[in-house]
Amino acid sequence: MLTGPSGSGKTSLAALTGLPVLNLDDFYKEGTDPSLPRLAHSDGADWDSPLSWDADTALAAIDSLCRTGRTSVPVYDIATSSRTGETALDIGDARLFIAEGIFAADVIARCRAAGLLADALCLRGRPSTTFRRRLARDLREGRKPPLYLVRRGLRLMRAERAIVARHAALGAHPCAKAEALSRIGAARGAVAER
């Protein structure tokens with residue numbers, strides 16, 4: 001399980017490992033879902049709240065990958081806040097995969113209780129670096145209007161230490177990229193010995 005603030009480098013790190021990856025951010029709820037949390041003093045959805053994410057469906061996908069090696073994953077378009085289809089994820093005979101996303105910490109306890117968890121990591125760095133990465137990515141991908149992205153980015157930068165602390169309280173080990181790669185390598189070795 002790989003979590004961390006938006007823009008912390010989770011997707012890039014997961015790709016470096018060479019392991020199959022389940023992108024948990026694809027399990028966001030639709031923008032029209034009445035259960036979406038709302039931002040205070042705004043009519044917009046709070047996409048940084050774990051309540052904007054479908055944890056039950058994400059957990060079912062993790063469970064299916066662990067038990068059968070395949071699952072169905074929504075294709076989520078962040079710019080339109082909608083699911084545009086679904087795709088199949090097949091990890092073949094891989095005995096380990098990375099489930100990564102900003103809300104991954106919210107299913108750590110349930111994965112651990114079900115015997116599905118090899119390790120849980122929270123990627124962290126400097127809030128200013130995370131801010132720059134996140135803003136560049138979000139602007140490049142046209143995720144939301146630029147002013148919204150800047151305001152959101154500044155809010156998340158101020159909250160980053162609290163986000164990491166929350167993920168740690170949910171069972172993720174906070175670490176930088178090098179330590180995360182080392183722990184993933186150790187988990188890979190432990191799985192191979194079984």
# chains A, B, ... in the order shown; residues from 1 in each chain; ligands from 1
>>> select_by_dssp(residues="stretch 1-160 of chain A", states="alpha helix (DSSP H)", output="PDB file with N, CA, C and O atoms, in the first residue's frame")
ATOM      1  N   LYS A  10       3.999   9.340  -5.607  1.00  0.00           N
ATOM      2  CA  LYS A  10       3.559   7.946  -5.479  1.00  0.00           C
ATOM      3  C   LYS A  10       3.544   7.206  -6.812  1.00  0.00           C
ATOM      4  O   LYS A  10       4.068   6.096  -6.910  1.00  0.00           O
ATOM      5  N   THR A  11       2.953   7.808  -7.821  1.00  0.00           N
ATOM      6  CA  THR A  11       2.827   7.149  -9.124  1.00  0.00           C
ATOM      7  C   THR A  11       4.197   6.899  -9.739  1.00  0.00           C
ATOM      8  O   THR A  11       4.457   5.815 -10.269  1.00  0.00           O
ATOM      9  N   SER A  12       5.075   7.882  -9.653  1.00  0.00           N
ATOM     10  CA  SER A  12       6.436   7.727 -10.200  1.00  0.00           C
ATOM     11  C   SER A  12       7.201   6.639  -9.462  1.00  0.00           C
ATOM     12  O   SER A  12       7.872   5.812 -10.074  1.00  0.00           O
ATOM     13  N   LEU A  13       7.100   6.638  -8.133  1.00  0.00           N
ATOM     14  CA  LEU A  13       7.794   5.621  -7.344  1.00  0.00           C
ATOM     15  C   LEU A  13       7.250   4.233  -7.660  1.00  0.00           C
ATOM     16  O   LEU A  13       8.020   3.287  -7.840  1.00  0.00           O
ATOM     17  N   ALA A  14       5.936   4.102  -7.752  1.00  0.00           N
ATOM     18  CA  ALA A  14       5.336   2.801  -8.059  1.00  0.00           C
ATOM     19  C   ALA A  14       5.844   2.277  -9.400  1.00  0.00           C
ATOM     20  O   ALA A  14       6.159   1.095  -9.533  1.00  0.00           O
ATOM     21  N   ALA A  15       5.960   3.156 -10.381  1.00  0.00           N
ATOM     22  CA  ALA A  15       6.456   2.748 -11.696  1.00  0.00           C
ATOM     23  C   ALA A  15       7.904   2.272 -11.619  1.00  0.00           C
ATOM     24  O   ALA A  15       8.294   1.342 -12.337  1.00  0.00           O
ATOM     25  N   LEU A  16       8.702   2.895 -10.757  1.00  0.00           N
ATOM     26  CA  LEU A  16      10.113   2.495 -10.608  1.00  0.00           C
ATOM     27  C   LEU A  16      10.280   1.071 -10.100  1.00  0.00           C
ATOM     28  O   LEU A  16      11.287   0.433 -10.361  1.00  0.00           O
ATOM     29  N   THR A  17       9.314   0.580  -9.348  1.00  0.00           N
ATOM     30  CA  THR A  17       9.452  -0.741  -8.737  1.00  0.00           C
ATOM     31  C   THR A  17       9.332  -1.876  -9.745  1.00  0.00           C
ATOM     32  O   THR A  17       9.800  -2.981  -9.486  1.00  0.00           O
ATOM     33  N   ALA A  55     -14.225   3.713  -1.011  1.00  0.00           N
ATOM     34  CA  ALA A  55     -13.308   2.795  -0.327  1.00  0.00           C
ATOM     35  C   ALA A  55     -13.756   1.341  -0.446  1.00  0.00           C
ATOM     36  O   ALA A  55     -12.914   0.446  -0.606  1.00  0.00           O
ATOM     37  N   ASP A  56     -15.051   1.076  -0.391  1.00  0.00           N
ATOM     38  CA  ASP A  56     -15.534  -0.306  -0.456  1.00  0.00           C
ATOM     39  C   ASP A  56     -15.216  -0.952  -1.800  1.00  0.00           C
ATOM     40  O   ASP A  56     -14.765  -2.104  -1.854  1.00  0.00           O
ATOM     41  N   THR A  57     -15.432  -0.214  -2.884  1.00  0.00           N
ATOM     42  CA  THR A  57     -15.139  -0.758  -4.218  1.00  0.00           C
ATOM     43  C   THR A  57     -13.628  -0.917  -4.409  1.00  0.00           C
ATOM     44  O   THR A  57     -13.173  -1.898  -5.006  1.00  0.00           O
ATOM     45  N   ALA A  58     -12.847   0.029  -3.892  1.00  0.00           N
ATOM     46  CA  ALA A  58     -11.390  -0.088  -3.973  1.00  0.00           C
ATOM     47  C   ALA A  58     -10.900  -1.310  -3.213  1.00  0.00           C
ATOM     48  O   ALA A  58     -10.052  -2.067  -3.704  1.00  0.00           O
ATOM     49  N   LEU A  59     -11.440  -1.525  -2.014  1.00  0.00           N
ATOM     50  CA  LEU A  59     -11.051  -2.688  -1.218  1.00  0.00           C
ATOM     51  C   LEU A  59     -11.428  -3.992  -1.925  1.00  0.00           C
ATOM     52  O   LEU A  59     -10.657  -4.952  -1.913  1.00  0.00           O
ATOM     53  N   ALA A  60     -12.586  -4.008  -2.553  1.00  0.00           N
ATOM     54  CA  ALA A  60     -13.003  -5.210  -3.294  1.00  0.00           C
ATOM     55  C   ALA A  60     -12.032  -5.495  -4.442  1.00  0.00           C
ATOM     56  O   ALA A  60     -11.703  -6.659  -4.711  1.00  0.00           O
ATOM     57  N   ALA A  61     -11.539  -4.445  -5.104  1.00  0.00           N
ATOM     58  CA  ALA A  61     -10.566  -4.631  -6.192  1.00  0.00           C
ATOM     59  C   ALA A  61      -9.244  -5.170  -5.646  1.00  0.00           C
ATOM     60  O   ALA A  61      -8.631  -6.063  -6.242  1.00  0.00           O
ATOM     61  N   ILE A  62      -8.787  -4.648  -4.505  1.00  0.00           N
ATOM     62  CA  ILE A  62      -7.559  -5.141  -3.876  1.00  0.00           C
ATOM     63  C   ILE A  62      -7.717  -6.616  -3.522  1.00  0.00           C
ATOM     64  O   ILE A  62      -6.844  -7.441  -3.805  1.00  0.00           O
ATOM     65  N   ASP A  63      -8.836  -6.944  -2.904  1.00  0.00           N
ATOM     66  CA  ASP A  63      -9.107  -8.323  -2.512  1.00  0.00           C
ATOM     67  C   ASP A  63      -9.115  -9.241  -3.736  1.00  0.00           C
ATOM     68  O   ASP A  63      -8.504 -10.318  -3.717  1.00  0.00           O
ATOM     69  N   SER A  64      -9.759  -8.814  -4.800  1.00  0.00           N
ATOM     70  CA  SER A  64      -9.822  -9.623  -6.021  1.00  0.00           C
ATOM     71  C   SER A  64      -8.430  -9.839  -6.622  1.00  0.00           C
ATOM     72  O   SER A  64      -8.088 -10.951  -7.030  1.00  0.00           O
ATOM     73  N   LEU A  65      -7.609  -8.793  -6.641  1.00  0.00           N
ATOM     74  CA  LEU A  65      -6.243  -8.941  -7.152  1.00  0.00           C
ATOM     75  C   LEU A  65      -5.441  -9.922  -6.306  1.00  0.00           C
ATOM     76  O   LEU A  65      -4.681 -10.737  -6.838  1.00  0.00           O
ATOM     77  N   CYS A  66      -5.592  -9.842  -4.998  1.00  0.00           N
ATOM     78  CA  CYS A  66      -4.855 -10.746  -4.103  1.00  0.00           C
ATOM     79  C   CYS A  66      -5.305 -12.196  -4.260  1.00  0.00           C
ATOM     80  O   CYS A  66      -4.497 -13.111  -4.191  1.00  0.00           O
ATOM     81  N   ARG A  67      -6.575 -12.400  -4.471  1.00  0.00           N
ATOM     82  CA  ARG A  67      -7.115 -13.762  -4.511  1.00  0.00           C
ATOM     83  C   ARG A  67      -7.113 -14.394  -5.910  1.00  0.00           C
ATOM     84  O   ARG A  67      -6.910 -15.593  -6.035  1.00  0.00           O
ATOM     85  N   THR A  68      -7.338 -13.559  -6.953  1.00  0.00           N
ATOM     86  CA  THR A  68      -7.464 -14.120  -8.313  1.00  0.00           C
ATOM     87  C   THR A  68      -6.444 -13.580  -9.305  1.00  0.00           C
ATOM     88  O   THR A  68      -6.305 -14.120 -10.402  1.00  0.00           O
ATOM     89  N   ILE A 108      -5.999   0.626   4.974  1.00  0.00           N
ATOM     90  CA  ILE A 108      -4.898  -0.159   5.536  1.00  0.00           C
ATOM     91  C   ILE A 108      -5.401  -1.150   6.584  1.00  0.00           C
ATOM     92  O   ILE A 108      -5.087  -2.344   6.527  1.00  0.00           O
ATOM     93  N   ALA A 109      -6.164  -0.688   7.545  1.00  0.00           N
ATOM     94  CA  ALA A 109      -6.624  -1.569   8.630  1.00  0.00           C
ATOM     95  C   ALA A 109      -7.456  -2.719   8.074  1.00  0.00           C
ATOM     96  O   ALA A 109      -7.303  -3.871   8.510  1.00  0.00           O
ATOM     97  N   ARG A 110      -8.317  -2.434   7.119  1.00  0.00           N
ATOM     98  CA  ARG A 110      -9.154  -3.483   6.546  1.00  0.00           C
ATOM     99  C   ARG A 110      -8.315  -4.478   5.736  1.00  0.00           C
ATOM    100  O   ARG A 110      -8.581  -5.689   5.777  1.00  0.00           O
ATOM    101  N   CYS A 111      -7.306  -4.000   5.019  1.00  0.00           N
ATOM    102  CA  CYS A 111      -6.417  -4.909   4.279  1.00  0.00           C
ATOM    103  C   CYS A 111      -5.604  -5.774   5.240  1.00  0.00           C
ATOM    104  O   CYS A 111      -5.443  -6.971   5.022  1.00  0.00           O
ATOM    105  N   ARG A 112      -5.118  -5.157   6.308  1.00  0.00           N
ATOM    106  CA  ARG A 112      -4.345  -5.904   7.306  1.00  0.00           C
ATOM    107  C   ARG A 112      -5.217  -6.989   7.942  1.00  0.00           C
ATOM    108  O   ARG A 112      -4.800  -8.143   8.067  1.00  0.00           O
ATOM    109  N   ALA A 113      -6.438  -6.631   8.320  1.00  0.00           N
ATOM    110  CA  ALA A 113      -7.346  -7.587   8.963  1.00  0.00           C
ATOM    111  C   ALA A 113      -7.690  -8.752   8.029  1.00  0.00           C
ATOM    112  O   ALA A 113      -7.881  -9.875   8.489  1.00  0.00           O
ATOM    113  N   PRO A 127       6.958  20.032   1.698  1.00  0.00           N
ATOM    114  CA  PRO A 127       5.681  20.543   1.207  1.00  0.00           C
ATOM    115  C   PRO A 127       5.811  21.468  -0.007  1.00  0.00           C
ATOM    116  O   PRO A 127       4.984  21.420  -0.917  1.00  0.00           O
ATOM    117  N   SER A 128       6.855  22.282  -0.059  1.00  0.00           N
ATOM    118  CA  SER A 128       7.019  23.182  -1.213  1.00  0.00           C
ATOM    119  C   SER A 128       7.314  22.396  -2.488  1.00  0.00           C
ATOM    120  O   SER A 128       6.833  22.746  -3.567  1.00  0.00           O
ATOM    121  N   THR A 129       8.073  21.317  -2.380  1.00  0.00           N
ATOM    122  CA  THR A 129       8.356  20.468  -3.545  1.00  0.00           C
ATOM    123  C   THR A 129       7.092  19.760  -3.995  1.00  0.00           C
ATOM    124  O   THR A 129       6.794  19.695  -5.197  1.00  0.00           O
ATOM    125  N   THR A 130       6.325  19.244  -3.042  1.00  0.00           N
ATOM    126  CA  THR A 130       5.073  18.576  -3.365  1.00  0.00           C
ATOM    127  C   THR A 130       4.120  19.550  -4.055  1.00  0.00           C
ATOM    128  O   THR A 130       3.472  19.207  -5.040  1.00  0.00           O
ATOM    129  N   PHE A 131       4.057  20.780  -3.554  1.00  0.00           N
ATOM    130  CA  PHE A 131       3.198  21.808  -4.153  1.00  0.00           C
ATOM    131  C   PHE A 131       3.566  22.029  -5.620  1.00  0.00           C
ATOM    132  O   PHE A 131       2.700  22.043  -6.496  1.00  0.00           O
ATOM    133  N   ARG A 132       4.857  22.215  -5.893  1.00  0.00           N
ATOM    134  CA  ARG A 132       5.299  22.475  -7.273  1.00  0.00           C
ATOM    135  C   ARG A 132       4.993  21.288  -8.192  1.00  0.00           C
ATOM    136  O   ARG A 132       4.511  21.470  -9.308  1.00  0.00           O
ATOM    137  N   ARG A 133       5.281  20.077  -7.724  1.00  0.00           N
ATOM    138  CA  ARG A 133       5.002  18.876  -8.533  1.00  0.00           C
ATOM    139  C   ARG A 133       3.514  18.745  -8.843  1.00  0.00           C
ATOM    140  O   ARG A 133       3.116  18.465  -9.958  1.00  0.00           O
ATOM    141  N   ARG A 134       2.716  18.906  -7.791  1.00  0.00           N
ATOM    142  CA  ARG A 134       1.269  18.741  -7.938  1.00  0.00           C
ATOM    143  C   ARG A 134       0.710  19.786  -8.910  1.00  0.00           C
ATOM    144  O   ARG A 134      -0.068  19.460  -9.794  1.00  0.00           O
ATOM    145  N   LEU A 135       1.112  21.035  -8.750  1.00  0.00           N
ATOM    146  CA  LEU A 135       0.593  22.101  -9.610  1.00  0.00           C
ATOM    147  C   LEU A 135       1.011  21.883 -11.064  1.00  0.00           C
ATOM    148  O   LEU A 135       0.177  22.002 -11.974  1.00  0.00           O
ATOM    149  N   ALA A 136       2.274  21.544 -11.281  1.00  0.00           N
ATOM    150  CA  ALA A 136       2.737  21.296 -12.652  1.00  0.00           C
ATOM    151  C   ALA A 136       1.960  20.150 -13.297  1.00  0.00           C
ATOM    152  O   ALA A 136       1.510  20.247 -14.447  1.00  0.00           O
ATOM    153  N   ARG A 137       1.768  19.058 -12.561  1.00  0.00           N
ATOM    154  CA  ARG A 137       1.023  17.908 -13.087  1.00  0.00           C
ATOM    155  C   ARG A 137      -0.426  18.277 -13.378  1.00  0.00           C
ATOM    156  O   ARG A 137      -0.955  17.981 -14.446  1.00  0.00           O
ATOM    157  N   ASP A 138      -1.074  18.920 -12.420  1.00  0.00           N
ATOM    158  CA  ASP A 138      -2.491  19.232 -12.570  1.00  0.00           C
ATOM    159  C   ASP A 138      -2.739  20.215 -13.708  1.00  0.00           C
ATOM    160  O   ASP A 138      -3.724  20.096 -14.438  1.00  0.00           O
ATOM    161  N   LEU A 139      -1.846  21.194 -13.879  1.00  0.00           N
ATOM    162  CA  LEU A 139      -1.976  22.135 -14.999  1.00  0.00           C
ATOM    163  C   LEU A 139      -1.721  21.421 -16.330  1.00  0.00           C
ATOM    164  O   LEU A 139      -2.462  21.611 -17.298  1.00  0.00           O
ATOM    165  N   ARG A 140      -0.689  20.594 -16.374  1.00  0.00           N
ATOM    166  CA  ARG A 140      -0.352  19.851 -17.593  1.00  0.00           C
ATOM    167  C   ARG A 140      -1.513  18.963 -18.036  1.00  0.00           C
ATOM    168  O   ARG A 140      -1.825  18.852 -19.215  1.00  0.00           O
ATOM    169  N   PRO A 146      -7.146  26.622 -13.582  1.00  0.00           N
ATOM    170  CA  PRO A 146      -5.883  27.013 -12.929  1.00  0.00           C
ATOM    171  C   PRO A 146      -6.051  27.688 -11.565  1.00  0.00           C
ATOM    172  O   PRO A 146      -5.326  27.358 -10.630  1.00  0.00           O
ATOM    173  N   LEU A 147      -6.985  28.631 -11.423  1.00  0.00           N
ATOM    174  CA  LEU A 147      -7.145  29.309 -10.138  1.00  0.00           C
ATOM    175  C   LEU A 147      -7.547  28.319  -9.048  1.00  0.00           C
ATOM    176  O   LEU A 147      -7.043  28.370  -7.920  1.00  0.00           O
ATOM    177  N   TYR A 148      -8.428  27.399  -9.377  1.00  0.00           N
ATOM    178  CA  TYR A 148      -8.827  26.366  -8.426  1.00  0.00           C
ATOM    179  C   TYR A 148      -7.604  25.553  -8.006  1.00  0.00           C
ATOM    180  O   TYR A 148      -7.404  25.259  -6.820  1.00  0.00           O
ATOM    181  N   LEU A 149      -6.751  25.174  -8.975  1.00  0.00           N
ATOM    182  CA  LEU A 149      -5.579  24.349  -8.686  1.00  0.00           C
ATOM    183  C   LEU A 149      -4.578  25.072  -7.791  1.00  0.00           C
ATOM    184  O   LEU A 149      -3.988  24.465  -6.894  1.00  0.00           O
ATOM    185  N   VAL A 150      -4.390  26.369  -8.017  1.00  0.00           N
ATOM    186  CA  VAL A 150      -3.461  27.134  -7.173  1.00  0.00           C
ATOM    187  C   VAL A 150      -3.998  27.223  -5.751  1.00  0.00           C
ATOM    188  O   VAL A 150      -3.273  26.960  -4.782  1.00  0.00           O
ATOM    189  N   ARG A 151      -5.277  27.561  -5.611  1.00  0.00           N
ATOM    190  CA  ARG A 151      -5.867  27.668  -4.268  1.00  0.00           C
ATOM    191  C   ARG A 151      -5.825  26.326  -3.545  1.00  0.00           C
ATOM    192  O   ARG A 151      -5.486  26.255  -2.364  1.00  0.00           O
ATOM    193  N   ARG A 152      -6.197  25.270  -4.257  1.00  0.00           N
ATOM    194  CA  ARG A 152      -6.163  23.936  -3.656  1.00  0.00           C
ATOM    195  C   ARG A 152      -4.729  23.576  -3.261  1.00  0.00           C
ATOM    196  O   ARG A 152      -4.478  23.057  -2.180  1.00  0.00           O
ATOM    197  N   GLY A 153      -3.789  23.865  -4.147  1.00  0.00           N
ATOM    198  CA  GLY A 153      -2.392  23.541  -3.874  1.00  0.00           C
ATOM    199  C   GLY A 153      -1.853  24.237  -2.641  1.00  0.00           C
ATOM    200  O   GLY A 153      -1.145  23.636  -1.828  1.00  0.00           O
ATOM    201  N   LEU A 154      -2.186  25.505  -2.471  1.00  0.00           N
ATOM    202  CA  LEU A 154      -1.728  26.241  -1.290  1.00  0.00           C
ATOM    203  C   LEU A 154      -2.360  25.679  -0.025  1.00  0.00           C
ATOM    204  O   LEU A 154      -1.699  25.532   1.004  1.00  0.00           O
ATOM    205  N   ARG A 155      -3.656  25.342  -0.109  1.00  0.00           N
ATOM    206  CA  ARG A 155      -4.335  24.739   1.047  1.00  0.00           C
ATOM    207  C   ARG A 155      -3.683  23.410   1.422  1.00  0.00           C
ATOM    208  O   ARG A 155      -3.421  23.131   2.597  1.00  0.00           O
ATOM    209  N   LEU A 156      -3.394  22.581   0.407  1.00  0.00           N
ATOM    210  CA  LEU A 156      -2.774  21.277   0.674  1.00  0.00           C
ATOM    211  C   LEU A 156      -1.341  21.420   1.179  1.00  0.00           C
ATOM    212  O   LEU A 156      -0.886  20.627   1.999  1.00  0.00           O
ATOM    213  N   MET A 157      -0.619  22.425   0.690  1.00  0.00           N
ATOM    214  CA  MET A 157       0.745  22.638   1.169  1.00  0.00           C
ATOM    215  C   MET A 157       0.736  22.965   2.663  1.00  0.00           C
ATOM    216  O   MET A 157       1.542  22.431   3.428  1.00  0.00           O
ATOM    217  N   ARG A 158      -0.202  23.813   3.086  1.00  0.00           N
ATOM    218  CA  ARG A 158      -0.303  24.154   4.510  1.00  0.00           C
ATOM    219  C   ARG A 158      -0.717  22.943   5.343  1.00  0.00           C
ATOM    220  O   ARG A 158      -0.337  22.819   6.506  1.00  0.00           O
ATOM    221  N   ALA A 159      -1.475  22.042   4.756  1.00  0.00           N
ATOM    222  CA  ALA A 159      -1.994  20.880   5.483  1.00  0.00           C
ATOM    223  C   ALA A 159      -1.123  19.630   5.355  1.00  0.00           C
ATOM    224  O   ALA A 159      -1.428  18.613   5.971  1.00  0.00           O
ATOM    225  N   GLU A 160      -0.034  19.705   4.588  1.00  0.00           N
ATOM    226  CA  GLU A 160       0.711  18.489   4.258  1.00  0.00           C
ATOM    227  C   GLU A 160       1.210  17.713   5.472  1.00  0.00           C
ATOM    228  O   GLU A 160       1.088  16.491   5.526  1.00  0.00           O
TER     229      GLU A 160
END
>>> select_by_dssp(residues="stretch 3-193 of chain A", states="strand (DSSP E or B)", output="PyMOL selection string")
chain A and resi 3+21-23+28+38+45+53+70-77+82-90+98-100+121-123+173-175
>>> closest_atom_pairs(of="stretch 101-125 of chain A", to="stretch 20-40 of chain A", cutoff="8 Å", atoms="only C-alpha atoms", output="JSON lines")
{"residue": "A:Gly101", "atom": "CA", "partner": "A:Leu24", "partner_atom": "CA", "distance": 4.9}
{"residue": "A:Ile102", "atom": "CA", "partner": "A:Asp25", "partner_atom": "CA", "distance": 7.0}
{"residue": "A:Phe103", "atom": "CA", "partner": "A:Leu24", "partner_atom": "CA", "distance": 7.5}
{"residue": "A:Ala104", "atom": "CA", "partner": "A:Leu24", "partner_atom": "CA", "distance": 6.9}
>>> residues_around(residues="A:Asp90", least_positions_apart="6", cutoff="7 Å", atoms="only C-alpha atoms", output="ChimeraX atom specification")
/A:69-71
>>> closest_residue(among="A:Arg194, A:Arg143, A:His41, A:Lys177", to="A:Tyr76", atoms="only C-alpha atoms")
A:Arg143
